[in-house]
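S.K.: Below you'll find work_6.cif; it's mmCIF, N, CA and C atoms.
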```cif
data_query
#
loop_
_atom_site.label_atom_id
_atom_site.label_comp_id
_atom_site.auth_asym_id
_atom_site.auth_seq_id
_atom_site.Cartn_x
_atom_site.Cartn_y
_atom_site.Cartn_z
N MET A 839 -98.25 21.72 -13.38
CA MET A 839 -97.99 20.49 -14.11
C MET A 839 -96.54 20.48 -14.59
N ASN A 840 -95.92 19.37 -14.46
CA ASN A 840 -94.58 19.18 -15.00
C ASN A 840 -94.75 18.71 -16.45
N HIS A 841 -94.42 19.59 -17.39
CA HIS A 841 -94.66 19.26 -18.81
C HIS A 841 -93.84 18.07 -19.27
N GLN A 842 -92.66 17.85 -18.70
CA GLN A 842 -91.84 16.71 -19.11
C GLN A 842 -92.47 15.39 -18.67
N GLU A 843 -92.98 15.36 -17.44
CA GLU A 843 -93.66 14.15 -16.97
C GLU A 843 -94.93 13.90 -17.77
N PHE A 844 -95.71 14.98 -18.01
CA PHE A 844 -96.92 14.83 -18.81
C PHE A 844 -96.57 14.28 -20.20
N ALA A 845 -95.56 14.86 -20.83
CA ALA A 845 -95.18 14.45 -22.19
C ALA A 845 -94.84 12.97 -22.25
N GLN A 846 -94.05 12.50 -21.31
CA GLN A 846 -93.66 11.09 -21.32
C GLN A 846 -94.86 10.18 -21.06
N THR A 847 -95.73 10.59 -20.15
CA THR A 847 -96.95 9.82 -19.88
C THR A 847 -97.82 9.76 -21.12
N TRP A 848 -98.01 10.90 -21.78
CA TRP A 848 -98.84 10.98 -22.99
C TRP A 848 -98.28 10.06 -24.08
N ILE A 849 -96.97 10.12 -24.29
CA ILE A 849 -96.33 9.26 -25.29
C ILE A 849 -96.53 7.78 -24.94
N ASN A 850 -96.30 7.44 -23.68
CA ASN A 850 -96.44 6.05 -23.25
C ASN A 850 -97.86 5.54 -23.44
N VAL A 851 -98.84 6.37 -23.13
CA VAL A 851 -100.24 5.96 -23.27
C VAL A 851 -100.57 5.74 -24.74
N TRP A 852 -100.13 6.64 -25.61
CA TRP A 852 -100.37 6.43 -27.03
C TRP A 852 -99.68 5.15 -27.52
N ASN A 853 -98.48 4.90 -27.06
CA ASN A 853 -97.76 3.70 -27.50
C ASN A 853 -98.40 2.42 -26.97
N SER A 854 -99.23 2.53 -25.94
CA SER A 854 -99.95 1.36 -25.41
C SER A 854 -101.12 0.97 -26.31
N HIS A 855 -101.59 1.91 -27.12
CA HIS A 855 -102.75 1.72 -28.01
C HIS A 855 -104.06 1.51 -27.23
N ASP A 856 -104.09 1.82 -25.96
CA ASP A 856 -105.31 1.68 -25.15
C ASP A 856 -106.15 2.94 -25.34
N LEU A 857 -107.14 2.86 -26.21
CA LEU A 857 -107.92 4.03 -26.60
C LEU A 857 -108.58 4.73 -25.42
N GLU A 858 -109.15 3.99 -24.51
CA GLU A 858 -109.82 4.64 -23.37
C GLU A 858 -108.80 5.31 -22.45
N ASP A 859 -107.62 4.74 -22.32
CA ASP A 859 -106.56 5.38 -21.54
C ASP A 859 -106.10 6.65 -22.23
N ILE A 860 -105.96 6.60 -23.55
CA ILE A 860 -105.60 7.80 -24.33
C ILE A 860 -106.64 8.88 -24.10
N LEU A 861 -107.91 8.53 -24.25
CA LEU A 861 -109.00 9.51 -24.13
C LEU A 861 -109.15 10.07 -22.72
N SER A 862 -108.61 9.39 -21.72
CA SER A 862 -108.73 9.86 -20.34
C SER A 862 -108.03 11.20 -20.12
N HIS A 863 -107.13 11.58 -21.02
CA HIS A 863 -106.42 12.86 -20.92
C HIS A 863 -107.23 14.02 -21.49
N TYR A 864 -108.36 13.73 -22.12
CA TYR A 864 -109.10 14.74 -22.88
C TYR A 864 -110.47 15.02 -22.27
N SER A 865 -110.91 16.27 -22.39
CA SER A 865 -112.23 16.66 -21.90
C SER A 865 -113.31 16.15 -22.85
N ASP A 866 -114.54 16.11 -22.36
CA ASP A 866 -115.66 15.66 -23.20
C ASP A 866 -115.88 16.57 -24.39
N ASP A 867 -115.52 17.86 -24.25
CA ASP A 867 -115.73 18.82 -25.34
C ASP A 867 -114.45 19.08 -26.14
N ILE A 868 -113.54 18.11 -26.15
CA ILE A 868 -112.27 18.24 -26.86
C ILE A 868 -112.50 18.68 -28.31
N GLU A 869 -111.62 19.54 -28.79
CA GLU A 869 -111.58 19.92 -30.20
C GLU A 869 -110.16 19.70 -30.70
N ILE A 870 -110.01 18.87 -31.73
CA ILE A 870 -108.69 18.62 -32.30
C ILE A 870 -108.67 19.11 -33.74
N THR A 871 -107.54 19.70 -34.12
CA THR A 871 -107.33 20.17 -35.48
C THR A 871 -105.98 19.63 -35.93
N THR A 872 -106.00 18.90 -37.05
CA THR A 872 -104.78 18.24 -37.51
C THR A 872 -104.84 17.98 -39.02
N PRO A 873 -103.70 18.09 -39.69
CA PRO A 873 -103.66 17.74 -41.11
C PRO A 873 -104.05 16.28 -41.37
N MET A 874 -103.91 15.42 -40.37
CA MET A 874 -104.30 14.02 -40.56
C MET A 874 -105.81 13.89 -40.77
N ILE A 875 -106.59 14.76 -40.14
CA ILE A 875 -108.04 14.77 -40.38
C ILE A 875 -108.31 15.21 -41.82
N VAL A 876 -107.56 16.21 -42.29
CA VAL A 876 -107.70 16.67 -43.67
C VAL A 876 -107.44 15.51 -44.62
N MET A 877 -106.36 14.75 -44.37
CA MET A 877 -106.04 13.60 -45.23
C MET A 877 -107.13 12.54 -45.15
N ALA A 878 -107.61 12.24 -43.95
CA ALA A 878 -108.60 11.18 -43.76
C ALA A 878 -109.94 11.52 -44.38
N THR A 879 -110.27 12.82 -44.46
CA THR A 879 -111.58 13.23 -44.99
C THR A 879 -111.51 13.78 -46.40
N GLY A 880 -110.34 13.67 -47.03
CA GLY A 880 -110.19 14.18 -48.38
C GLY A 880 -110.34 15.70 -48.45
N GLY A 881 -109.98 16.38 -47.38
CA GLY A 881 -110.04 17.83 -47.36
C GLY A 881 -111.36 18.43 -46.92
N ARG A 882 -112.33 17.59 -46.59
CA ARG A 882 -113.65 18.11 -46.20
C ARG A 882 -113.65 18.67 -44.77
N GLU A 883 -112.78 18.16 -43.92
CA GLU A 883 -112.74 18.57 -42.51
C GLU A 883 -111.29 18.76 -42.10
N SER A 884 -111.08 19.62 -41.09
CA SER A 884 -109.75 19.75 -40.51
C SER A 884 -109.80 19.60 -38.99
N SER A 885 -111.02 19.62 -38.44
CA SER A 885 -111.20 19.54 -36.99
C SER A 885 -112.30 18.57 -36.64
N LEU A 886 -112.20 18.04 -35.42
CA LEU A 886 -113.26 17.22 -34.84
C LEU A 886 -113.58 17.81 -33.47
N LYS A 887 -114.87 17.75 -33.10
CA LYS A 887 -115.30 18.28 -31.81
C LYS A 887 -116.05 17.20 -31.05
N GLY A 888 -115.72 17.07 -29.78
CA GLY A 888 -116.40 16.12 -28.91
C GLY A 888 -115.67 14.80 -28.82
N LYS A 889 -115.71 14.23 -27.63
CA LYS A 889 -114.95 13.00 -27.36
C LYS A 889 -115.44 11.82 -28.20
N ASP A 890 -116.74 11.75 -28.48
CA ASP A 890 -117.25 10.64 -29.28
C ASP A 890 -116.69 10.66 -30.69
N ALA A 891 -116.66 11.85 -31.32
CA ALA A 891 -116.11 11.96 -32.67
C ALA A 891 -114.61 11.66 -32.68
N VAL A 892 -113.91 12.15 -31.68
CA VAL A 892 -112.47 11.91 -31.58
C VAL A 892 -112.19 10.43 -31.33
N ARG A 893 -113.00 9.81 -30.47
CA ARG A 893 -112.84 8.37 -30.18
C ARG A 893 -112.94 7.56 -31.48
N GLU A 894 -113.95 7.83 -32.28
CA GLU A 894 -114.14 7.07 -33.52
C GLU A 894 -112.99 7.30 -34.49
N TYR A 895 -112.54 8.53 -34.62
CA TYR A 895 -111.41 8.86 -35.50
C TYR A 895 -110.14 8.14 -35.05
N TRP A 896 -109.84 8.21 -33.75
CA TRP A 896 -108.63 7.57 -33.25
C TRP A 896 -108.74 6.05 -33.27
N ARG A 897 -109.95 5.51 -33.08
CA ARG A 897 -110.13 4.07 -33.19
C ARG A 897 -109.74 3.60 -34.59
N LYS A 898 -110.21 4.31 -35.61
CA LYS A 898 -109.87 3.97 -36.99
C LYS A 898 -108.37 4.13 -37.24
N ALA A 899 -107.78 5.18 -36.69
CA ALA A 899 -106.34 5.41 -36.88
C ALA A 899 -105.51 4.30 -36.24
N LEU A 900 -105.88 3.89 -35.02
CA LEU A 900 -105.14 2.81 -34.35
C LEU A 900 -105.29 1.49 -35.10
N ASN A 901 -106.45 1.25 -35.69
CA ASN A 901 -106.63 0.04 -36.50
C ASN A 901 -105.82 0.11 -37.79
N LYS A 902 -105.75 1.29 -38.39
CA LYS A 902 -105.02 1.46 -39.65
C LYS A 902 -103.51 1.37 -39.43
N PHE A 903 -103.05 1.81 -38.26
CA PHE A 903 -101.61 1.82 -37.96
C PHE A 903 -101.35 0.99 -36.70
N PRO A 904 -101.44 -0.35 -36.82
CA PRO A 904 -101.27 -1.19 -35.63
C PRO A 904 -99.87 -1.13 -35.01
N ASP A 905 -98.90 -0.66 -35.78
CA ASP A 905 -97.54 -0.53 -35.25
C ASP A 905 -97.22 0.92 -34.85
N LEU A 906 -98.26 1.73 -34.66
CA LEU A 906 -98.07 3.13 -34.27
C LEU A 906 -97.15 3.21 -33.06
N TYR A 907 -96.16 4.06 -33.18
CA TYR A 907 -95.22 4.26 -32.08
C TYR A 907 -94.73 5.69 -32.16
N PHE A 908 -94.86 6.43 -31.05
CA PHE A 908 -94.37 7.80 -30.96
C PHE A 908 -93.08 7.81 -30.16
N ASP A 909 -92.17 8.66 -30.56
CA ASP A 909 -90.89 8.81 -29.87
C ASP A 909 -90.72 10.28 -29.51
N LEU A 910 -90.76 10.60 -28.23
CA LEU A 910 -90.67 11.98 -27.76
C LEU A 910 -89.29 12.55 -28.05
N ILE A 911 -89.29 13.75 -28.63
CA ILE A 911 -88.04 14.47 -28.89
C ILE A 911 -87.86 15.58 -27.85
N HIS A 912 -88.93 16.35 -27.62
CA HIS A 912 -88.83 17.48 -26.69
C HIS A 912 -90.23 17.94 -26.31
N SER A 913 -90.34 18.57 -25.15
CA SER A 913 -91.61 19.19 -24.75
C SER A 913 -91.32 20.58 -24.19
N THR A 914 -92.31 21.45 -24.30
CA THR A 914 -92.21 22.80 -23.75
C THR A 914 -93.52 23.14 -23.07
N ALA A 915 -93.45 24.09 -22.13
CA ALA A 915 -94.64 24.51 -21.38
C ALA A 915 -95.05 25.91 -21.81
N GLY A 916 -96.37 26.14 -21.79
CA GLY A 916 -96.93 27.46 -22.04
C GLY A 916 -97.89 27.79 -20.92
N VAL A 917 -98.78 28.74 -21.17
CA VAL A 917 -99.81 29.10 -20.21
C VAL A 917 -100.97 28.13 -20.40
N ASN A 918 -101.20 27.28 -19.40
CA ASN A 918 -102.25 26.25 -19.49
C ASN A 918 -102.11 25.41 -20.75
N SER A 919 -100.87 25.17 -21.18
CA SER A 919 -100.65 24.42 -22.41
C SER A 919 -99.28 23.77 -22.39
N VAL A 920 -99.13 22.78 -23.26
CA VAL A 920 -97.84 22.17 -23.53
C VAL A 920 -97.72 21.98 -25.04
N ALA A 921 -96.48 21.91 -25.50
CA ALA A 921 -96.20 21.56 -26.89
C ALA A 921 -95.25 20.37 -26.87
N LEU A 922 -95.62 19.34 -27.60
CA LEU A 922 -94.79 18.15 -27.69
C LEU A 922 -94.24 18.03 -29.10
N PHE A 923 -92.96 17.78 -29.20
CA PHE A 923 -92.28 17.53 -30.46
C PHE A 923 -91.88 16.07 -30.43
N TYR A 924 -92.36 15.29 -31.41
CA TYR A 924 -92.11 13.86 -31.39
C TYR A 924 -92.08 13.28 -32.79
N LYS A 925 -91.47 12.10 -32.89
CA LYS A 925 -91.49 11.35 -34.14
C LYS A 925 -92.79 10.57 -34.16
N SER A 926 -93.52 10.71 -35.25
CA SER A 926 -94.87 10.16 -35.35
C SER A 926 -94.93 9.04 -36.38
N ILE A 927 -96.14 8.76 -36.83
CA ILE A 927 -96.34 7.71 -37.85
C ILE A 927 -95.78 8.16 -39.19
N MET A 928 -95.56 7.21 -40.06
CA MET A 928 -95.07 7.45 -41.41
C MET A 928 -93.76 8.24 -41.39
N ASP A 929 -92.97 8.06 -40.32
CA ASP A 929 -91.67 8.70 -40.16
C ASP A 929 -91.75 10.24 -40.20
N LYS A 930 -92.89 10.77 -39.81
CA LYS A 930 -93.07 12.22 -39.75
C LYS A 930 -92.68 12.74 -38.38
N ARG A 931 -92.25 13.98 -38.35
CA ARG A 931 -92.06 14.67 -37.08
C ARG A 931 -93.29 15.52 -36.83
N ALA A 932 -93.73 15.54 -35.59
CA ALA A 932 -94.96 16.24 -35.25
C ALA A 932 -94.73 17.19 -34.09
N VAL A 933 -95.51 18.26 -34.08
CA VAL A 933 -95.62 19.15 -32.93
C VAL A 933 -97.11 19.22 -32.62
N GLU A 934 -97.45 18.91 -31.37
CA GLU A 934 -98.83 19.06 -30.91
C GLU A 934 -98.84 20.07 -29.79
N VAL A 935 -99.72 21.03 -29.94
CA VAL A 935 -99.93 22.03 -28.90
C VAL A 935 -101.27 21.71 -28.25
N MET A 936 -101.23 21.49 -26.94
CA MET A 936 -102.41 21.06 -26.19
C MET A 936 -102.73 22.10 -25.13
N PHE A 937 -104.00 22.48 -25.06
CA PHE A 937 -104.48 23.44 -24.09
C PHE A 937 -105.35 22.73 -23.07
N PHE A 938 -105.21 23.10 -21.80
CA PHE A 938 -105.88 22.42 -20.71
C PHE A 938 -106.99 23.27 -20.11
N ASP A 939 -108.07 22.59 -19.72
CA ASP A 939 -109.16 23.26 -19.01
C ASP A 939 -108.83 23.34 -17.52
N GLU A 940 -109.75 23.88 -16.75
CA GLU A 940 -109.52 24.07 -15.31
C GLU A 940 -109.43 22.74 -14.55
N GLU A 941 -109.87 21.65 -15.16
CA GLU A 941 -109.78 20.33 -14.53
C GLU A 941 -108.51 19.58 -14.94
N GLY A 942 -107.67 20.22 -15.73
CA GLY A 942 -106.43 19.59 -16.16
C GLY A 942 -106.58 18.64 -17.34
N LYS A 943 -107.71 18.70 -18.02
CA LYS A 943 -107.95 17.87 -19.21
C LYS A 943 -107.67 18.70 -20.46
N ILE A 944 -107.19 18.03 -21.49
CA ILE A 944 -106.93 18.70 -22.76
C ILE A 944 -108.28 19.01 -23.42
N ASN A 945 -108.51 20.30 -23.73
CA ASN A 945 -109.78 20.65 -24.37
C ASN A 945 -109.59 21.20 -25.78
N ARG A 946 -108.35 21.50 -26.17
CA ARG A 946 -108.03 21.89 -27.54
C ARG A 946 -106.66 21.35 -27.88
N MET A 947 -106.50 20.91 -29.12
CA MET A 947 -105.23 20.37 -29.58
C MET A 947 -105.05 20.71 -31.05
N TYR A 948 -103.87 21.22 -31.37
CA TYR A 948 -103.50 21.51 -32.75
C TYR A 948 -102.25 20.73 -33.09
N ALA A 949 -102.29 19.97 -34.16
CA ALA A 949 -101.14 19.18 -34.58
C ALA A 949 -100.53 19.76 -35.85
N HIS A 950 -99.22 19.62 -35.94
CA HIS A 950 -98.45 20.09 -37.08
C HIS A 950 -97.47 18.98 -37.46
N TYR A 951 -97.31 18.76 -38.76
CA TYR A 951 -96.42 17.68 -39.24
C TYR A 951 -95.49 18.21 -40.30
N ASP A 952 -94.28 17.60 -40.39
CA ASP A 952 -93.37 17.99 -41.47
C ASP A 952 -93.64 17.16 -42.70
#
```
What do you get writing this file as C-alpha cells?
M.R.:
Amino acid sequence: MNHQEFAQTWINVWNSHDLEDILSHYSDDIEITTPMIVMATGGRESSLKGKDAVREYWRKALNKFPDLYFDLIHSTAGVNSVALFYKSIMDKRAVEVMFFDEEGKINRMYAHYD
C-alpha cells in the first residue's frame, strides 16, 4: 500500500461526509480508541467496537460538525499500519494510527489530539 495515496483518499472521503464511503475503509470488527469518545461519553468509554457502534458514533459526529474538514499534514507507514497527521475539528491537530487486517481494511485505530 502506498501510505501517501491512502492518506489522501482517507482525508478526501472524510471531507465528503459520506458515512458509508468512510466506513468502507473499516472492517466489521473495527475497534477505535480516541479522546473524542471520552469527551462524548463523559469519560465512561474510550473505545468502540464493531462497525455498527462506530457508524452510530460517526453519524452523530458528522451531524454535530457539519463543516467538518480535515487537512492532511503528513503520513507515515508502519508494519500493516499507517499514521496520519492532520488538522482536525475544533482547530486541533490529530495523529491517527491505523492497523490493517489481511483484507486491507482498518481493524484498529488509535487517535491522538493536541
S.K.: Using only C-alpha atoms - which residues lie no farther than 12 Å from the point (-88.2, 16.2, -29.6) in the file's frame? Write them as a VMD selection string.
M.R.: chain A and resid 842 845 to 846 849 908 to 914 921 to 926 930 to 934
S.K.: Nearest to Phe938 (chain A) among A:Met874, A:Tyr895, A:Leu906, A:Val917, with distances taken over all atoms listed in the file: which residue is it?
M.R.: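 Ranked by minimum distance to Phe938 (chain A), first place goes to A:Val917.
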S.K.: Tell me which residues the PyMOL selection byres (((chain A and resi 916 and name CA) around 10) and name CA) grabs here, as an MDAnalysis selection string.
M.R.: chainID A and resid 841 914:915 917:921 935:937
S.K.: Write a file of the selected residues as a compact mmCIF listing (two decimals), in the coordinates of the input, keeping N, CA and C atoms.
M.R.:
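Okay, this is what ended up in out_19.txt:
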```
# COMPACT_ATOMS: atom_id res chain seq x y z
N HIS A 841 -94.42 19.59 -17.39
CA HIS A 841 -94.66 19.26 -18.81
C HIS A 841 -93.84 18.07 -19.27
N THR A 914 -92.31 21.45 -24.30
CA THR A 914 -92.21 22.80 -23.75
C THR A 914 -93.52 23.14 -23.07
N ALA A 915 -93.45 24.09 -22.13
CA ALA A 915 -94.64 24.51 -21.38
C ALA A 915 -95.05 25.91 -21.81
N VAL A 917 -98.78 28.74 -21.17
CA VAL A 917 -99.81 29.10 -20.21
C VAL A 917 -100.97 28.13 -20.40
N ASN A 918 -101.20 27.28 -19.40
CA ASN A 918 -102.25 26.25 -19.49
C ASN A 918 -102.11 25.41 -20.75
N SER A 919 -100.87 25.17 -21.18
CA SER A 919 -100.65 24.42 -22.41
C SER A 919 -99.28 23.77 -22.39
N VAL A 920 -99.13 22.78 -23.26
CA VAL A 920 -97.84 22.17 -23.53
C VAL A 920 -97.72 21.98 -25.04
N ALA A 921 -96.48 21.91 -25.50
CA ALA A 921 -96.20 21.56 -26.89
C ALA A 921 -95.25 20.37 -26.87
N VAL A 935 -99.72 21.03 -29.94
CA VAL A 935 -99.93 22.03 -28.90
C VAL A 935 -101.27 21.71 -28.25
N MET A 936 -101.23 21.49 -26.94
CA MET A 936 -102.41 21.06 -26.19
C MET A 936 -102.73 22.10 -25.13
N PHE A 937 -104.00 22.48 -25.06
CA PHE A 937 -104.48 23.44 -24.09
C PHE A 937 -105.35 22.73 -23.07
```
S.K.: Select, from A:Tyr907, A:Gly942, A:Met877, A:Ile868, the residue with the minimum atom-to-atom distance to Asp890 (chain A), counting all atoms listed in the file.
M.R.: A:Ile868
S.K.: Please, which residues of chain A, numbered as in this document, come out strand (DSSP E) from DSSP, as an MDAnalysis selection string?
M.R.: chainID A and resid 864:871 885:887 909:916 919:925 931:938 944:951
S.K.: Within 6 Å of Asp867 (chain A), counting all atoms listed in the file, which residues qualify if same-chain residues fewer than 5 places away don't, as a VMD selection string?
M.R.: chain A and resid 887 to 889 945
S.K.: What separation in Å, quoted to one decimal, exists between CA of Trp852 (chain A) and atom C of Asp905 (chain A)?
M.R.: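 Here the two named atoms are 10.1 Å from each other.
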S.K.: CA of Ser884 (chain A) and CA of Glu869 (chain A), how far apart in Å?
M.R.: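 We find that CA of Glu869 (chain A) and CA of Ser884 (chain A) lie 10.5 Å from each other.
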S.K.: Would you please extract all alpha helix (DSSP H) residues from chain A, as assigned by DSSP on the backbone, and give them as a PyMOL selection string?
M.R.: chain A and resi 841-854+857-861+873-878+889-902
S.K.: Could you name the residues that touch Arg893 (chain A) at 9 Å or less, counting only C-alpha atoms, but leaving out those on the same chain fewer than 5 positions away, as a list of chain:residue names?
M.R.: A:Leu857, A:Glu858, A:Leu861, A:Gly888, A:Lys898
S.K.: Under the rule that all atoms listed in the file are counted, which of A:His950, A:Gly881, A:Ile927, A:Asp939 is the nearest residue to Phe903 (chain A)?
M.R.: A:Ile927
S.K.: Please determine, counting only C-alpha atoms, which residue among A:His855, A:Arg946, A:Arg882, A:Lys902 has the shortest atom-to-atom distance to Met928 (chain A).
M.R.: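 Comparing A:His855, A:Arg946, A:Arg882, A:Lys902 against Met928 (chain A), the winner is A:Lys902.
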S.K.: How would you write, as a ChimeraX atom specification, the residues chosen by the PyMOL selection byres (((chain A and resi 870 and name CA) around 6) and name CA) on this structure?
M.R.: /A:869,871,885-886,946-948
S.K.: So how many Å separate atom C of Val851 (chain A) and CA of Ala899 (chain A), to one decimal?
M.R.: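 Going from atom C of Val851 (chain A) over to CA of Ala899 (chain A) covers 13.4 Å.
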S.K.: Where atoms are missing, can you supply all heavy atoms for region 868-877 of chain A and output the lot as a PDB file, in the coordinates of the input?
M.R.:
```
ATOM      1  N   ILE A 868    -113.540  18.110 -26.150  1.00  0.00           N
ATOM      2  CA  ILE A 868    -112.270  18.240 -26.860  1.00  0.00           C
ATOM      3  C   ILE A 868    -112.500  18.680 -28.310  1.00  0.00           C
ATOM      4  O   ILE A 868    -113.450  18.231 -28.961  1.00  0.00           O
ATOM      5  CB  ILE A 868    -111.464  16.919 -26.824  1.00  0.00           C
ATOM      6  CG1 ILE A 868    -110.129  17.034 -27.581  1.00  0.00           C
ATOM      7  CG2 ILE A 868    -112.259  15.756 -27.363  1.00  0.00           C
ATOM      8  CD1 ILE A 868    -109.168  18.009 -27.015  1.00  0.00           C
ATOM      9  N   GLU A 869    -111.620  19.540 -28.790  1.00  0.00           N
ATOM     10  CA  GLU A 869    -111.580  19.920 -30.200  1.00  0.00           C
ATOM     11  C   GLU A 869    -110.160  19.700 -30.700  1.00  0.00           C
ATOM     12  O   GLU A 869    -109.228  20.252 -30.128  1.00  0.00           O
ATOM     13  CB  GLU A 869    -111.995  21.365 -30.419  1.00  0.00           C
ATOM     14  CG  GLU A 869    -111.970  21.764 -31.877  1.00  0.00           C
ATOM     15  CD  GLU A 869    -112.461  23.180 -32.135  1.00  0.00           C
ATOM     16  OE1 GLU A 869    -113.038  23.790 -31.207  1.00  0.00           O
ATOM     17  OE2 GLU A 869    -112.261  23.662 -33.253  1.00  0.00           O
ATOM     18  N   ILE A 870    -110.010  18.870 -31.730  1.00  0.00           N
ATOM     19  CA  ILE A 870    -108.690  18.620 -32.300  1.00  0.00           C
ATOM     20  C   ILE A 870    -108.670  19.110 -33.740  1.00  0.00           C
ATOM     21  O   ILE A 870    -109.657  18.977 -34.471  1.00  0.00           O
ATOM     22  CB  ILE A 870    -108.267  17.139 -32.218  1.00  0.00           C
ATOM     23  CG1 ILE A 870    -109.160  16.237 -33.057  1.00  0.00           C
ATOM     24  CG2 ILE A 870    -108.239  16.674 -30.764  1.00  0.00           C
ATOM     25  CD1 ILE A 870    -108.645  14.799 -33.188  1.00  0.00           C
ATOM     26  N   THR A 871    -107.540  19.700 -34.120  1.00  0.00           N
ATOM     27  CA  THR A 871    -107.330  20.170 -35.480  1.00  0.00           C
ATOM     28  C   THR A 871    -105.980  19.630 -35.930  1.00  0.00           C
ATOM     29  O   THR A 871    -104.971  19.832 -35.259  1.00  0.00           O
ATOM     30  CB  THR A 871    -107.322  21.713 -35.533  1.00  0.00           C
ATOM     31  OG1 THR A 871    -108.570  22.195 -35.021  1.00  0.00           O
ATOM     32  CG2 THR A 871    -107.127  22.218 -36.952  1.00  0.00           C
ATOM     33  N   THR A 872    -106.000  18.900 -37.050  1.00  0.00           N
ATOM     34  CA  THR A 872    -104.780  18.240 -37.510  1.00  0.00           C
ATOM     35  C   THR A 872    -104.840  17.980 -39.020  1.00  0.00           C
ATOM     36  O   THR A 872    -105.913  17.667 -39.555  1.00  0.00           O
ATOM     37  CB  THR A 872    -104.545  16.923 -36.753  1.00  0.00           C
ATOM     38  OG1 THR A 872    -103.516  16.170 -37.409  1.00  0.00           O
ATOM     39  CG2 THR A 872    -105.782  16.085 -36.627  1.00  0.00           C
ATOM     40  N   PRO A 873    -103.700  18.090 -39.690  1.00  0.00           N
ATOM     41  CA  PRO A 873    -103.660  17.740 -41.110  1.00  0.00           C
ATOM     42  C   PRO A 873    -104.050  16.280 -41.370  1.00  0.00           C
ATOM     43  O   PRO A 873    -104.461  15.947 -42.477  1.00  0.00           O
ATOM     44  CB  PRO A 873    -102.194  17.989 -41.497  1.00  0.00           C
ATOM     45  CG  PRO A 873    -101.666  18.922 -40.477  1.00  0.00           C
ATOM     46  CD  PRO A 873    -102.414  18.629 -39.220  1.00  0.00           C
ATOM     47  N   MET A 874    -103.910  15.420 -40.370  1.00  0.00           N
ATOM     48  CA  MET A 874    -104.300  14.020 -40.560  1.00  0.00           C
ATOM     49  C   MET A 874    -105.810  13.890 -40.770  1.00  0.00           C
ATOM     50  O   MET A 874    -106.259  13.009 -41.504  1.00  0.00           O
ATOM     51  CB  MET A 874    -103.851  13.167 -39.371  1.00  0.00           C
ATOM     52  CG  MET A 874    -102.362  13.057 -39.228  1.00  0.00           C
ATOM     53  SD  MET A 874    -101.621  12.278 -40.675  1.00  0.00           S
ATOM     54  CE  MET A 874     -99.926  12.177 -40.149  1.00  0.00           C
ATOM     55  N   ILE A 875    -106.590  14.760 -40.140  1.00  0.00           N
ATOM     56  CA  ILE A 875    -108.040  14.770 -40.380  1.00  0.00           C
ATOM     57  C   ILE A 875    -108.310  15.210 -41.820  1.00  0.00           C
ATOM     58  O   ILE A 875    -109.160  14.640 -42.506  1.00  0.00           O
ATOM     59  CB  ILE A 875    -108.781  15.660 -39.369  1.00  0.00           C
ATOM     60  CG1 ILE A 875    -108.658  15.082 -37.958  1.00  0.00           C
ATOM     61  CG2 ILE A 875    -110.252  15.837 -39.768  1.00  0.00           C
ATOM     62  CD1 ILE A 875    -109.182  15.996 -36.861  1.00  0.00           C
ATOM     63  N   VAL A 876    -107.560  16.210 -42.290  1.00  0.00           N
ATOM     64  CA  VAL A 876    -107.700  16.670 -43.670  1.00  0.00           C
ATOM     65  C   VAL A 876    -107.440  15.510 -44.620  1.00  0.00           C
ATOM     66  O   VAL A 876    -108.209  15.276 -45.567  1.00  0.00           O
ATOM     67  CB  VAL A 876    -106.753  17.856 -43.953  1.00  0.00           C
ATOM     68  CG1 VAL A 876    -106.793  18.244 -45.429  1.00  0.00           C
ATOM     69  CG2 VAL A 876    -107.093  19.054 -43.069  1.00  0.00           C
ATOM     70  N   MET A 877    -106.360  14.750 -44.370  1.00  0.00           N
ATOM     71  CA  MET A 877    -106.040  13.600 -45.230  1.00  0.00           C
ATOM     72  C   MET A 877    -107.130  12.540 -45.150  1.00  0.00           C
ATOM     73  O   MET A 877    -107.557  12.008 -46.170  1.00  0.00           O
ATOM     74  CB  MET A 877    -104.702  12.981 -44.805  1.00  0.00           C
ATOM     75  CG  MET A 877    -103.500  13.776 -45.231  1.00  0.00           C
ATOM     76  SD  MET A 877    -101.910  13.104 -44.636  1.00  0.00           S
ATOM     77  CE  MET A 877    -102.126  11.353 -44.700  1.00  0.00           C
TER      78      MET A 877
END
```
